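**Student:** Here you go, one structure.
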Amino acid sequence: SLTEDIEMALNAQCKMEAEASLKYLAMAAWLDRNGYDYSAGYLYAQAEEEREHFLKIFKYITEVGGTAVTPTPSEVQQEFASLRDVFETALQSEIAVTHSINRIVAKCRELNDYATEEFMMWYVREQREEERNARRVMELFDLIDADSATGKFILDQEIGKVGGTL
Ligand code: OFO
């Protein structure tokens, strides 16, 4: 059964995933109202994915006899300076999630909670993929001139391809 330490860490991770979903939703809305339809589509989809990440942990806690606490999310950023700023923020937020997941795995090892460790491995793999995509988007900013209108138009489409929305 779940130790109190791991239960707390998992509930904290639930909050982080739920907040990640809301962050992506705010980013998607910003992109949407600034005409970046394809990258908005990408981040709307990410918002859905993060909600699934949240629910998966939430249900796991209950399944192993713990108490899943509905998280109260903090305020999320609504305004961004630029297209690049949105994706820079997204990358930093994914890196923070990866660190948090790694800390849970380390704690599982310390407390011999092999079931939760195994469960968390799904997240380790998922973060590897999400960080790779987020870094790929940042590479695109080095390859395409984001200052011209044409550059912005092409970047939006290329980012949409990374997210599979184009
Ligand atoms: Fe990408 O944050 Fe969930 O795992």
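Just remember, in the structure tokens the first chain shown is A, the second B, etc., residues are 1-based per chain, and ligands are 1-based in the order shown.
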Using only C-alpha atoms and all ligand atoms, which residues have at least one atom no more than 7 Å from ligand 1? Output them as a list of chain:residue names.
**Tutor:**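 Using only C-alpha atoms and all ligand atoms, I find these residues within 7 Å of ligand 1: A:Glu17, A:Ala20, A:Glu50, A:His53, A:Glu94, A:Val97, A:Tyr123, A:Glu126, A:Gln127, A:Glu130.
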**Student:** Go ahead and save the picked residues with C-alpha atoms, as an mmCIF file, in the first residue's frame.
**Tutor:**
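The resulting file, part_9.cif, is shown below:
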```cif
data_model
loop_
_atom_site.group_PDB
_atom_site.id
_atom_site.type_symbol
_atom_site.label_atom_id
_atom_site.label_comp_id
_atom_site.auth_asym_id
_atom_site.auth_seq_id
_atom_site.Cartn_x
_atom_site.Cartn_y
_atom_site.Cartn_z
ATOM 1 C CA GLU A 17 -0.342 17.952 -14.451
ATOM 2 C CA ALA A 20 0.085 21.983 -17.129
ATOM 3 C CA GLU A 50 -2.095 16.835 -19.729
ATOM 4 C CA HIS A 53 -1.880 12.637 -17.365
ATOM 5 C CA GLU A 94 8.040 20.467 -19.408
ATOM 6 C CA VAL A 97 7.632 18.362 -14.918
ATOM 7 C CA TYR A 123 5.602 9.292 -17.367
ATOM 8 C CA GLU A 126 6.120 10.441 -22.010
ATOM 9 C CA GLN A 127 8.336 13.296 -20.791
ATOM 10 C CA GLU A 130 7.331 15.825 -24.861
#
```
**Student:** With only C-alpha atoms counted and 6 Å as the cut-off, give the residues of segment 10-122 of chain A in contact with segment 140-158 of chain A, each with its shortest interatomic distance in Å and the pair that gives it, as CSV.
**Tutor:**
```
residue,atom,partner,partner_atom,distance
A:Tyr36,CA,A:Asp156,CA,5.7
A:Tyr38,CA,A:Gln157,CA,5.8
A:Ser39,CA,A:Asp156,CA,5.5
```
**Student:** Residues of segment 3-163 of chain A in helix (DSSP H, G or I) according to DSSP, as an MDAnalysis selection string?
**Tutor:** chainID A and resid 4:33 37:63 83:110 114:143 149:162
**Student:** Which residue out of A:Trp30, A:Phe58, A:Tyr24, A:Phe80 has the minimum interatomic distance to Ala45 of chain A when only C-alpha atoms are used?
**Tutor:**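 The answer is A:Tyr24, which sits nearest to Ala45 of chain A.
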**Student:** If we count only C-alpha atoms, what is near Pro71 of chain A at a cut-off of 10 Å, once residues fewer than 5 positions away on the same chain are taken out, given as a PDB file with C-alpha atoms, in the first residue's frame?
**Tutor:**
```pdb
ATOM      1  CA  ASN A  11      -1.119  14.353  -5.246  1.00  0.00           C
ATOM      2  CA  ALA A  12       1.395  17.149  -5.855  1.00  0.00           C
ATOM      3  CA  GLN A  13       2.085  15.658  -9.290  1.00  0.00           C
ATOM      4  CA  CYS A  14      -1.669  15.614  -9.981  1.00  0.00           C
ATOM      5  CA  LYS A  15      -1.738  19.338  -9.309  1.00  0.00           C
ATOM      6  CA  MET A  16       1.245  19.895 -11.568  1.00  0.00           C
ATOM      7  CA  GLU A  17      -0.342  17.952 -14.451  1.00  0.00           C
ATOM      8  CA  ALA A  18      -3.686  19.724 -13.983  1.00  0.00           C
ATOM      9  CA  GLU A  19      -1.863  23.059 -14.049  1.00  0.00           C
ATOM     10  CA  PHE A  54      -3.587  14.214 -14.357  1.00  0.00           C
ATOM     11  CA  PHE A  58      -5.537  10.608  -9.750  1.00  0.00           C
TER      12      PHE A  58
END
```
**Student:** Mind checking which residues fall within 9 Å of Ala29 of chain A, counting only C-alpha atoms, ignoring those fewer than 6 positions away in the same chain, and posting them as a VMD selection string?
**Tutor:** chain A and resid 40 43 to 44 78
**Student:** Create the file for the chosen residues now, containing N, CA and C atoms and written as an mmCIF file, in the first residue's frame.
**Tutor:**
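Full text of result_35.cif as output:
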```cif
data_model
loop_
_atom_site.group_PDB
_atom_site.id
_atom_site.type_symbol
_atom_site.label_atom_id
_atom_site.label_comp_id
_atom_site.auth_asym_id
_atom_site.auth_seq_id
_atom_site.Cartn_x
_atom_site.Cartn_y
_atom_site.Cartn_z
ATOM 1 N N ALA A 40 -1.804 26.717 -32.304
ATOM 2 C CA ALA A 40 -2.901 26.694 -31.321
ATOM 3 C C ALA A 40 -3.488 25.283 -31.247
ATOM 4 N N LEU A 43 -1.331 23.043 -29.172
ATOM 5 C CA LEU A 43 -1.390 23.223 -27.716
ATOM 6 C C LEU A 43 -2.782 22.937 -27.128
ATOM 7 N N TYR A 44 -3.826 23.076 -27.928
ATOM 8 C CA TYR A 44 -5.151 22.596 -27.459
ATOM 9 C C TYR A 44 -5.072 21.088 -27.214
ATOM 10 N N GLN A 78 -1.614 34.225 -18.803
ATOM 11 C CA GLN A 78 -2.569 34.361 -19.912
ATOM 12 C C GLN A 78 -1.983 35.109 -21.110
#
```
**Student:** Give me the residues within 8 Å of Asn102 of chain A as a PDB file with N, CA and C atoms, in the first residue's frame, counting only C-alpha atoms and dropping any in the same chain fewer than 4 places off.
**Tutor:**
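As written to disk, around34.pdb reads:
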```
ATOM      1  N   THR A  98       9.492  17.088 -15.825  1.00  0.00           N
ATOM      2  CA  THR A  98      10.429  15.956 -15.874  1.00  0.00           C
ATOM      3  C   THR A  98      11.183  15.821 -14.546  1.00  0.00           C
ATOM      4  N   ALA A 106      12.792   8.546  -7.758  1.00  0.00           N
ATOM      5  CA  ALA A 106      13.878   8.404  -6.767  1.00  0.00           C
ATOM      6  C   ALA A 106      13.294   8.072  -5.388  1.00  0.00           C
ATOM      7  N   VAL A 124       7.973   8.819 -17.358  1.00  0.00           N
ATOM      8  CA  VAL A 124       9.368   9.050 -17.752  1.00  0.00           C
ATOM      9  C   VAL A 124       9.478   9.019 -19.276  1.00  0.00           C
TER      10      VAL A 124
END
```
**Student:** Calculate how many Å separate atom CA of Gln46 of chain A from atom CA of Lys23 of chain A, rounding to one decimal.
**Tutor:**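 The value is 9.7 Å.
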**Student:** Could you state the separation of atom CA of Gly35 of chain A and atom CA of Arg128 of chain A in Å, given to one decimal place?
**Tutor:** 29.4 Å
**Student:** Find, counting only C-alpha atoms, the residue in A:Leu25, A:Cys108, A:Leu55, A:Tyr60 that gets nearest to Gly41 of chain A.
**Tutor:**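 Ranking A:Leu25, A:Cys108, A:Leu55, A:Tyr60 by distance to Gly41 of chain A, first place goes to A:Leu25.
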**Student:** In Å, rounded to a single decimal, give me how far atom CA of Ala47 of chain A is from atom CA of Gln92 of chain A.
**Tutor:**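 Separation between atom CA of Gln92 of chain A and atom CA of Ala47 of chain A: 15.8 Å.
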**Student:** May I ask which of the residues A:Ser93, A:Asn112, A:Ser100, A:Ser82 is the closest one to Leu31 of chain A, counting only C-alpha atoms?
**Tutor:** A:Ser82
**Student:** Tell me which of A:Val86, A:Leu10, A:Ile101, A:Ala28 sits closest to Lys59 of chain A, counting only C-alpha atoms.
**Tutor:** A:Leu10
**Student:** What's around Lys107 of chain A at 9 Å? Count only C-alpha atoms, leave out sequence neighbours fewer than 5 positions away in its own chain, and write the answer as number ranges by chain.
**Tutor:** A: 5-6, 9, 102, 112-113, 117
**Student:** Store the residues picked out above, limited to N, CA and C atoms, as a CSV table (one decimal), in the first residue's frame.
**Tutor:**
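Output contents, as saved in again_37.csv:
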```
chain,number,residue,atom,x,y,z
A,5,ASP,N,4.3,9.5,2.2
A,5,ASP,CA,5.2,10.3,1.4
A,5,ASP,C,4.9,10.3,-0.1
A,6,ILE,N,4.7,9.0,-0.5
A,6,ILE,CA,4.4,8.8,-2.0
A,6,ILE,C,3.1,9.4,-2.3
A,9,ALA,N,3.4,13.0,-2.7
A,9,ALA,CA,4.1,13.3,-4.0
A,9,ALA,C,3.2,13.1,-5.2
A,102,ASN,N,11.1,12.6,-12.0
A,102,ASN,CA,12.3,12.0,-11.6
A,102,ASN,C,12.4,11.9,-10.1
A,112,ASN,N,11.2,1.7,-1.5
A,112,ASN,CA,10.9,0.3,-2.0
A,112,ASN,C,9.5,0.2,-2.6
A,113,ASP,N,8.9,1.3,-3.1
A,113,ASP,CA,7.6,1.2,-3.7
A,113,ASP,C,7.7,0.9,-5.2
A,117,GLU,N,6.8,3.0,-8.8
A,117,GLU,CA,8.0,3.2,-9.7
A,117,GLU,C,7.6,2.7,-11.1
```
**Student:** Considering only C-alpha atoms, state which residue in the set A:Arg84, A:Arg33, A:Arg136, A:Arg51 is at the smallest distance from Val162 of chain A.
**Tutor:**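 Between A:Arg84, A:Arg33, A:Arg136, A:Arg51, the residue approaching Val162 of chain A most closely is A:Arg136.
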**Student:** What lies within 7 Å of Gly65 of chain A using only C-alpha atoms, ignoring chain neighbours under 2 positions off, as JSON, numbers by chain?
**Tutor:** {"A": [1, 2, 61, 62, 63, 67]}
**Student:** What would the file look like if the residues just selected were written as a PDB file, in the first residue's frame with C-alpha atoms?
**Tutor:**
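Result file is part01.pdb:
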```pdb
ATOM      1  CA  SER A   1       0.000   0.000   0.000  1.00  0.00           C
ATOM      2  CA  LEU A   2       0.880   3.631  -0.441  1.00  0.00           C
ATOM      3  CA  ILE A  61      -3.852   6.906  -6.078  1.00  0.00           C
ATOM      4  CA  THR A  62      -7.365   5.592  -5.427  1.00  0.00           C
ATOM      5  CA  GLU A  63      -6.575   2.227  -6.960  1.00  0.00           C
ATOM      6  CA  THR A  67      -6.778   9.441  -1.066  1.00  0.00           C
TER       7      THR A  67
END
```
